[in-house]
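Below: the structure, in structure tokens.
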Amino acid sequence: MADKKKEKKEEVQFTPSGTGIRTNGQVVRSTELPSPTRKKHKSLGLTEEDVVDMFELMYLQRRFEERAMQMYQKGKFGGFLHLYMGQEAISTGTAYALNEDDDIITAYRDHGWGLVRGVSPKAGMAELYGKVTGCSKGKGGSMHFANVEDHFWGGHGIVGGSIPLGGGIALANKYKQNGRVTASFLGDGAVDQGVLHETMNMSQNWSLPCIFAVENNGYAMGTAVHRHSVGELVDRAKGFDMKSAVINGMDVFTVYEKMKEVAEDVREHSNPWFLEIRTYRYRGHSMSDPMKYRTKDELKEYEELDPIERLKGYLLDNDIIDEDNIEDIQESVEDTVMEAIDFAEESDFPDKSHLYKDVFVEDDYPFHT
């Protein structure tokens, strides 16, 4: 008679335990930061004024986000709010490395990008409030900051949705032979979207002047990178024989140095690059994120690597400015952000008649009624 006892089956698992680096099931971060550059500002071609401006711009992004968070919690505006705190070195270093007429497009964590590309704090805050004075006339909100005049083609709410648009802008620039570089930014959660591979394939095949840059903050929405993505993100470039690099995104000098080097290569040879810029966000994916996927000790560890505090320390250690100057900058930024809140509060909402405006390029586009 056959043995009717059922053999104990092993539990079937699909998602890797831990993070792929430490497979013991602990809640730990999935990516490690590469070493930052050892170069100082002079050897990078930056003046003391540049470094001070970088600090002020990074601090502006941080205070803008902190105040935006407070206004959101007060119910001043709703919808989604994806904060950029911790990643300011990427936007700032890139803005200084690229030419003013180079094109930038990004995903929905876009407030910092808007501020480094000409969106005023007033226009940014008003956009969060949905006011007509906002940078997108109150119609876009948090995920759709834009400033086309300064070649910032906006944030985009669909994961991976901005990637082919970046490729398209690069195609247009090559067609026009205007010498511009396109920097298309995406989050680590977007690397598994098929459109990334389609666009990278076409970009390499057509030699488009585009930089595809992943702001890898380790967790996508709330899942460590190696729990959802095989191998290192930068290795995506190998399948397309594309130039690539991994960058420390917590140090503004490192971002500036490498982005400038890459942009010059793209501009000269009209070939795409794929960059993995490793960073860390101090808040959740959005305001509704309880952040249970990481520990308080881990957050504290990366707060000690704060890119703003790092640059502040550099300014003081190299006697570029003193503590009084730092306080003056911080107070000035605080005043600017508070003025932006007052501006947003006092601005009007768009009129209902604006509903059908700015939908099409043509002013007289025939609507179906």
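The way I read the labels, and the way they are meant: chains A, B, ... in the order of the structure tokens, residue 1 as the first residue of every chain, and ligand 1 as the first ligand shown, with later ones counted on from there.
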Any idea what's packed within 8 Å of Met242 of chain A, counting only C-alpha atoms, ignoring anything in its chain fewer than 4 positions away? Could you give it as a PyMOL selection string?
-> chain A and resi 204+237-238+272-274
Write to file, as a PDB file, in the first residue's frame, the residues of the selection just made, with N, CA, C and O atoms.
```pdb
ATOM      1  N   GLN A 204      20.683  54.486 -28.712  1.00  0.00           N
ATOM      2  CA  GLN A 204      22.011  53.981 -29.066  1.00  0.00           C
ATOM      3  C   GLN A 204      22.107  53.709 -30.566  1.00  0.00           C
ATOM      4  O   GLN A 204      23.131  54.018 -31.199  1.00  0.00           O
ATOM      5  N   ALA A 237      22.811  49.231 -19.111  1.00  0.00           N
ATOM      6  CA  ALA A 237      23.478  49.813 -20.283  1.00  0.00           C
ATOM      7  C   ALA A 237      24.218  48.769 -21.110  1.00  0.00           C
ATOM      8  O   ALA A 237      24.412  48.949 -22.316  1.00  0.00           O
ATOM      9  N   LYS A 238      24.628  47.669 -20.487  1.00  0.00           N
ATOM     10  CA  LYS A 238      25.446  46.678 -21.191  1.00  0.00           C
ATOM     11  C   LYS A 238      24.696  46.058 -22.363  1.00  0.00           C
ATOM     12  O   LYS A 238      25.291  45.746 -23.395  1.00  0.00           O
ATOM     13  N   PRO A 272      24.544  58.422 -26.495  1.00  0.00           N
ATOM     14  CA  PRO A 272      23.869  58.434 -25.191  1.00  0.00           C
ATOM     15  C   PRO A 272      24.704  57.813 -24.078  1.00  0.00           C
ATOM     16  O   PRO A 272      25.620  57.031 -24.338  1.00  0.00           O
ATOM     17  N   TRP A 273      24.385  58.200 -22.865  1.00  0.00           N
ATOM     18  CA  TRP A 273      24.970  57.624 -21.652  1.00  0.00           C
ATOM     19  C   TRP A 273      23.845  57.149 -20.736  1.00  0.00           C
ATOM     20  O   TRP A 273      22.734  57.685 -20.785  1.00  0.00           O
ATOM     21  N   PHE A 274      24.172  56.181 -19.879  1.00  0.00           N
ATOM     22  CA  PHE A 274      23.241  55.729 -18.834  1.00  0.00           C
ATOM     23  C   PHE A 274      23.942  55.879 -17.488  1.00  0.00           C
ATOM     24  O   PHE A 274      25.004  55.291 -17.265  1.00  0.00           O
TER      25      PHE A 274
END
```
Who sits within 10 Å of segment 49-59 of chain A, only C-alpha atoms, same chain under 2 positions skipped, as a ChimeraX atom specification = /A:41-42,45-47,61-65,85-93,95-96,112,115-116,252-253,307-312,314-315,320-321,325-326,329-330,332-334
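On the backbone of this structure, DSSP gives strand (DSSP E or B) within segment 122-308 of chain A to Asn147, Phe152, Thr182, Ala183, Ser184, Phe185, Leu186, Gly187, Cys210, Ile211, Phe212, Ala213, Val214, Glu215, Asn216, Lys243, Ser244, Ala245, Val246, Ile247, Asn248, Trp273, Phe274, Leu275, Glu276, Ile277 and Arg278 of chain A.
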What gap, in Å, lies between atom CA of Glu48 of chain A and atom CA of Leu316 of chain A?
-> 11.7 Å
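Contact shell of Asn271 of chain A at 6 Å (only C-alpha atoms; same-chain neighbours under 6 positions omitted): Ser207, Leu208 and Pro209 of chain A.
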List the neighbours of Glu264 of chain A out to 12 Å using only C-alpha atoms; skip same-chain residues closer than 3 positions along the sequence, and give me the result as a VMD selection string.
-> chain A and resid 97 to 99 102 179 to 182 209 to 211 257 to 261 267 to 273
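Across A:Pro36, A:Gly138, A:Gly124, A:Gly114, the tightest approach to Val337 of chain A is made by A:Gly124 when counting only C-alpha atoms.
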Just how far from atom CA of Gly141 of chain A is atom CA of Val191 of chain A, in Å to one decimal?
-> 24.7 Å
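Residues surrounding Lys76 of chain A within 7 Å are Met71, Tyr72 and Tyr129 of chain A [only C-alpha atoms; sequence separation below 3 positions excluded].
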Create the file for the chosen residues now, containing C-alpha atoms and written as a PDB file, in the first residue's frame.
```pdb
ATOM      1  CA  MET A  71       1.071  73.307   4.062  1.00  0.00           C
ATOM      2  CA  TYR A  72      -0.051  69.899   2.802  1.00  0.00           C
ATOM      3  CA  TYR A 129      -2.012  75.256  -4.402  1.00  0.00           C
TER       4      TYR A 129
END
```
Once DSSP has gone over the backbone, tell me which residues of segment 132-351 of chain A are in alpha helix (DSSP H), as a PyMOL selection string.
-> chain A and resi 162-176+194-206+225-228+252-269+296-303+307-317+323-346
Could those selected residues go to a file with C-alpha atoms, as a PDB file, in the first residue's frame?
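The result, stored in result_31.pdb:
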```pdb
ATOM      1  CA  SER A 162       9.013  60.921 -19.392  1.00  0.00           C
ATOM      2  CA  ILE A 163      11.673  58.537 -20.739  1.00  0.00           C
ATOM      3  CA  PRO A 164      10.559  58.408 -24.403  1.00  0.00           C
ATOM      4  CA  LEU A 165       9.846  62.140 -24.296  1.00  0.00           C
ATOM      5  CA  GLY A 166      13.478  62.678 -23.337  1.00  0.00           C
ATOM      6  CA  GLY A 167      14.540  60.509 -26.243  1.00  0.00           C
ATOM      7  CA  GLY A 168      12.267  62.510 -28.522  1.00  0.00           C
ATOM      8  CA  ILE A 169      13.761  65.811 -27.398  1.00  0.00           C
ATOM      9  CA  ALA A 170      17.236  64.418 -28.050  1.00  0.00           C
ATOM     10  CA  LEU A 171      16.103  63.303 -31.512  1.00  0.00           C
ATOM     11  CA  ALA A 172      14.817  66.808 -32.251  1.00  0.00           C
ATOM     12  CA  ASN A 173      18.077  68.356 -31.061  1.00  0.00           C
ATOM     13  CA  LYS A 174      20.120  66.066 -33.292  1.00  0.00           C
ATOM     14  CA  TYR A 175      17.842  66.789 -36.253  1.00  0.00           C
ATOM     15  CA  LYS A 176      18.256  70.529 -35.702  1.00  0.00           C
ATOM     16  CA  GLY A 194       9.790  48.359 -21.037  1.00  0.00           C
ATOM     17  CA  VAL A 195       9.811  51.877 -22.430  1.00  0.00           C
ATOM     18  CA  LEU A 196      13.257  52.478 -20.910  1.00  0.00           C
ATOM     19  CA  HIS A 197      14.718  49.597 -22.894  1.00  0.00           C
ATOM     20  CA  GLU A 198      12.903  50.620 -26.064  1.00  0.00           C
ATOM     21  CA  THR A 199      14.147  54.198 -25.785  1.00  0.00           C
ATOM     22  CA  MET A 200      17.711  53.203 -24.885  1.00  0.00           C
ATOM     23  CA  ASN A 201      17.814  50.832 -27.847  1.00  0.00           C
ATOM     24  CA  MET A 202      16.673  53.523 -30.273  1.00  0.00           C
ATOM     25  CA  SER A 203      18.936  56.141 -28.707  1.00  0.00           C
ATOM     26  CA  GLN A 204      22.011  53.981 -29.066  1.00  0.00           C
ATOM     27  CA  ASN A 205      21.051  52.847 -32.548  1.00  0.00           C
ATOM     28  CA  TRP A 206      20.455  56.427 -33.697  1.00  0.00           C
ATOM     29  CA  VAL A 225      16.037  47.837  -5.395  1.00  0.00           C
ATOM     30  CA  HIS A 226      17.357  44.271  -5.299  1.00  0.00           C
ATOM     31  CA  ARG A 227      13.974  42.940  -4.259  1.00  0.00           C
ATOM     32  CA  HIS A 228      12.473  44.034  -7.558  1.00  0.00           C
ATOM     33  CA  VAL A 252      27.248  68.076  -5.247  1.00  0.00           C
ATOM     34  CA  PHE A 253      30.864  68.319  -6.432  1.00  0.00           C
ATOM     35  CA  THR A 254      30.806  64.678  -7.528  1.00  0.00           C
ATOM     36  CA  VAL A 255      27.577  65.156  -9.472  1.00  0.00           C
ATOM     37  CA  TYR A 256      28.912  68.326 -11.074  1.00  0.00           C
ATOM     38  CA  GLU A 257      32.236  66.748 -12.046  1.00  0.00           C
ATOM     39  CA  LYS A 258      30.816  63.605 -13.627  1.00  0.00           C
ATOM     40  CA  MET A 259      27.788  65.227 -15.245  1.00  0.00           C
ATOM     41  CA  LYS A 260      29.996  67.846 -16.877  1.00  0.00           C
ATOM     42  CA  GLU A 261      32.352  65.177 -18.162  1.00  0.00           C
ATOM     43  CA  VAL A 262      29.485  63.079 -19.534  1.00  0.00           C
ATOM     44  CA  ALA A 263      27.706  66.070 -21.091  1.00  0.00           C
ATOM     45  CA  GLU A 264      30.871  67.099 -22.910  1.00  0.00           C
ATOM     46  CA  ASP A 265      31.276  63.585 -24.304  1.00  0.00           C
ATOM     47  CA  VAL A 266      27.625  63.444 -25.409  1.00  0.00           C
ATOM     48  CA  ARG A 267      27.870  66.876 -27.010  1.00  0.00           C
ATOM     49  CA  GLU A 268      31.046  66.017 -28.898  1.00  0.00           C
ATOM     50  CA  HIS A 269      30.172  62.528 -30.107  1.00  0.00           C
ATOM     51  CA  LYS A 296      15.347  54.680  12.079  1.00  0.00           C
ATOM     52  CA  ASP A 297      19.025  53.832  12.452  1.00  0.00           C
ATOM     53  CA  GLU A 298      19.411  53.661   8.701  1.00  0.00           C
ATOM     54  CA  LEU A 299      17.695  57.012   8.214  1.00  0.00           C
ATOM     55  CA  LYS A 300      19.980  58.540  10.842  1.00  0.00           C
ATOM     56  CA  GLU A 301      23.023  57.069   9.088  1.00  0.00           C
ATOM     57  CA  TYR A 302      22.163  58.778   5.814  1.00  0.00           C
ATOM     58  CA  GLU A 303      21.114  62.018   7.454  1.00  0.00           C
ATOM     59  CA  PRO A 307      24.447  66.868   0.988  1.00  0.00           C
ATOM     60  CA  ILE A 308      23.513  70.322   2.275  1.00  0.00           C
ATOM     61  CA  GLU A 309      25.345  69.896   5.558  1.00  0.00           C
ATOM     62  CA  ARG A 310      28.289  68.480   3.630  1.00  0.00           C
ATOM     63  CA  LEU A 311      28.516  71.593   1.460  1.00  0.00           C
ATOM     64  CA  LYS A 312      27.991  73.860   4.466  1.00  0.00           C
ATOM     65  CA  GLY A 313      30.923  72.195   6.177  1.00  0.00           C
ATOM     66  CA  TYR A 314      33.029  72.682   3.053  1.00  0.00           C
ATOM     67  CA  LEU A 315      32.248  76.403   2.984  1.00  0.00           C
ATOM     68  CA  LEU A 316      33.234  76.817   6.622  1.00  0.00           C
ATOM     69  CA  ASP A 317      36.292  74.551   6.558  1.00  0.00           C
ATOM     70  CA  GLU A 323      28.649  81.126  10.293  1.00  0.00           C
ATOM     71  CA  ASP A 324      27.117  84.605  10.139  1.00  0.00           C
ATOM     72  CA  ASN A 325      27.008  84.415   6.350  1.00  0.00           C
ATOM     73  CA  ILE A 326      25.384  80.975   6.567  1.00  0.00           C
ATOM     74  CA  GLU A 327      22.697  82.349   8.870  1.00  0.00           C
ATOM     75  CA  ASP A 328      22.081  85.283   6.536  1.00  0.00           C
ATOM     76  CA  ILE A 329      21.566  82.910   3.608  1.00  0.00           C
ATOM     77  CA  GLN A 330      19.240  80.684   5.599  1.00  0.00           C
ATOM     78  CA  GLU A 331      17.173  83.620   6.835  1.00  0.00           C
ATOM     79  CA  SER A 332      16.923  85.038   3.326  1.00  0.00           C
ATOM     80  CA  VAL A 333      15.783  81.667   1.960  1.00  0.00           C
ATOM     81  CA  GLU A 334      13.235  81.332   4.751  1.00  0.00           C
ATOM     82  CA  ASP A 335      11.816  84.750   3.918  1.00  0.00           C
ATOM     83  CA  THR A 336      11.646  83.822   0.238  1.00  0.00           C
ATOM     84  CA  VAL A 337       9.723  80.625   0.936  1.00  0.00           C
ATOM     85  CA  MET A 338       7.311  82.334   3.334  1.00  0.00           C
ATOM     86  CA  GLU A 339       6.666  85.012   0.712  1.00  0.00           C
ATOM     87  CA  ALA A 340       5.919  82.201  -1.739  1.00  0.00           C
ATOM     88  CA  ILE A 341       3.314  80.792   0.637  1.00  0.00           C
ATOM     89  CA  ASP A 342       1.679  84.204   1.030  1.00  0.00           C
ATOM     90  CA  PHE A 343       1.692  84.601  -2.745  1.00  0.00           C
ATOM     91  CA  ALA A 344       0.020  81.206  -3.210  1.00  0.00           C
ATOM     92  CA  GLU A 345      -2.563  81.947  -0.533  1.00  0.00           C
ATOM     93  CA  GLU A 346      -3.504  85.268  -2.111  1.00  0.00           C
TER      94      GLU A 346
END
```
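Proximity of A:Arg117, A:Lys39, A:His82, A:Lys9 to Asp289 of chain A, computed with only C-alpha atoms, is greatest for A:His82.
Between atom CA of Ser136 of chain A and atom CA of Arg109 of chain A there is a distance of 15.5 Å.
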For segment 144-152 of chain A, list every protein, DNA or RNA residue within 10 Å, evaluated using only C-alpha atoms, and leave out those in the same chain fewer than 2 positions away; present the list as an NGL selection string.
-> :A and (100-120 or 123-124 or 127-128 or 134-142 or 154-157 or 182-183)
Excluding Asp348 of chain A and residues on its chain fewer than 6 positions from it, collect all residues at most 9 Å away from it, counting only C-alpha atoms, and give them as a VMD selection string.
-> chain A and resid 130 to 133
Selection file, C-alpha atoms, as a short mmCIF file (atom, residue, chain, number, x, y, z; two decimals), in the first residue's frame:
```
data_model
loop_
_atom_site.label_atom_id
_atom_site.label_comp_id
_atom_site.auth_asym_id
_atom_site.auth_seq_id
_atom_site.Cartn_x
_atom_site.Cartn_y
_atom_site.Cartn_z
CA GLY A 130 -3.59 74.89 -7.86
CA LYS A 131 -3.57 78.63 -8.43
CA VAL A 132 -3.56 80.38 -11.80
CA THR A 133 -0.22 82.05 -10.96
#
```
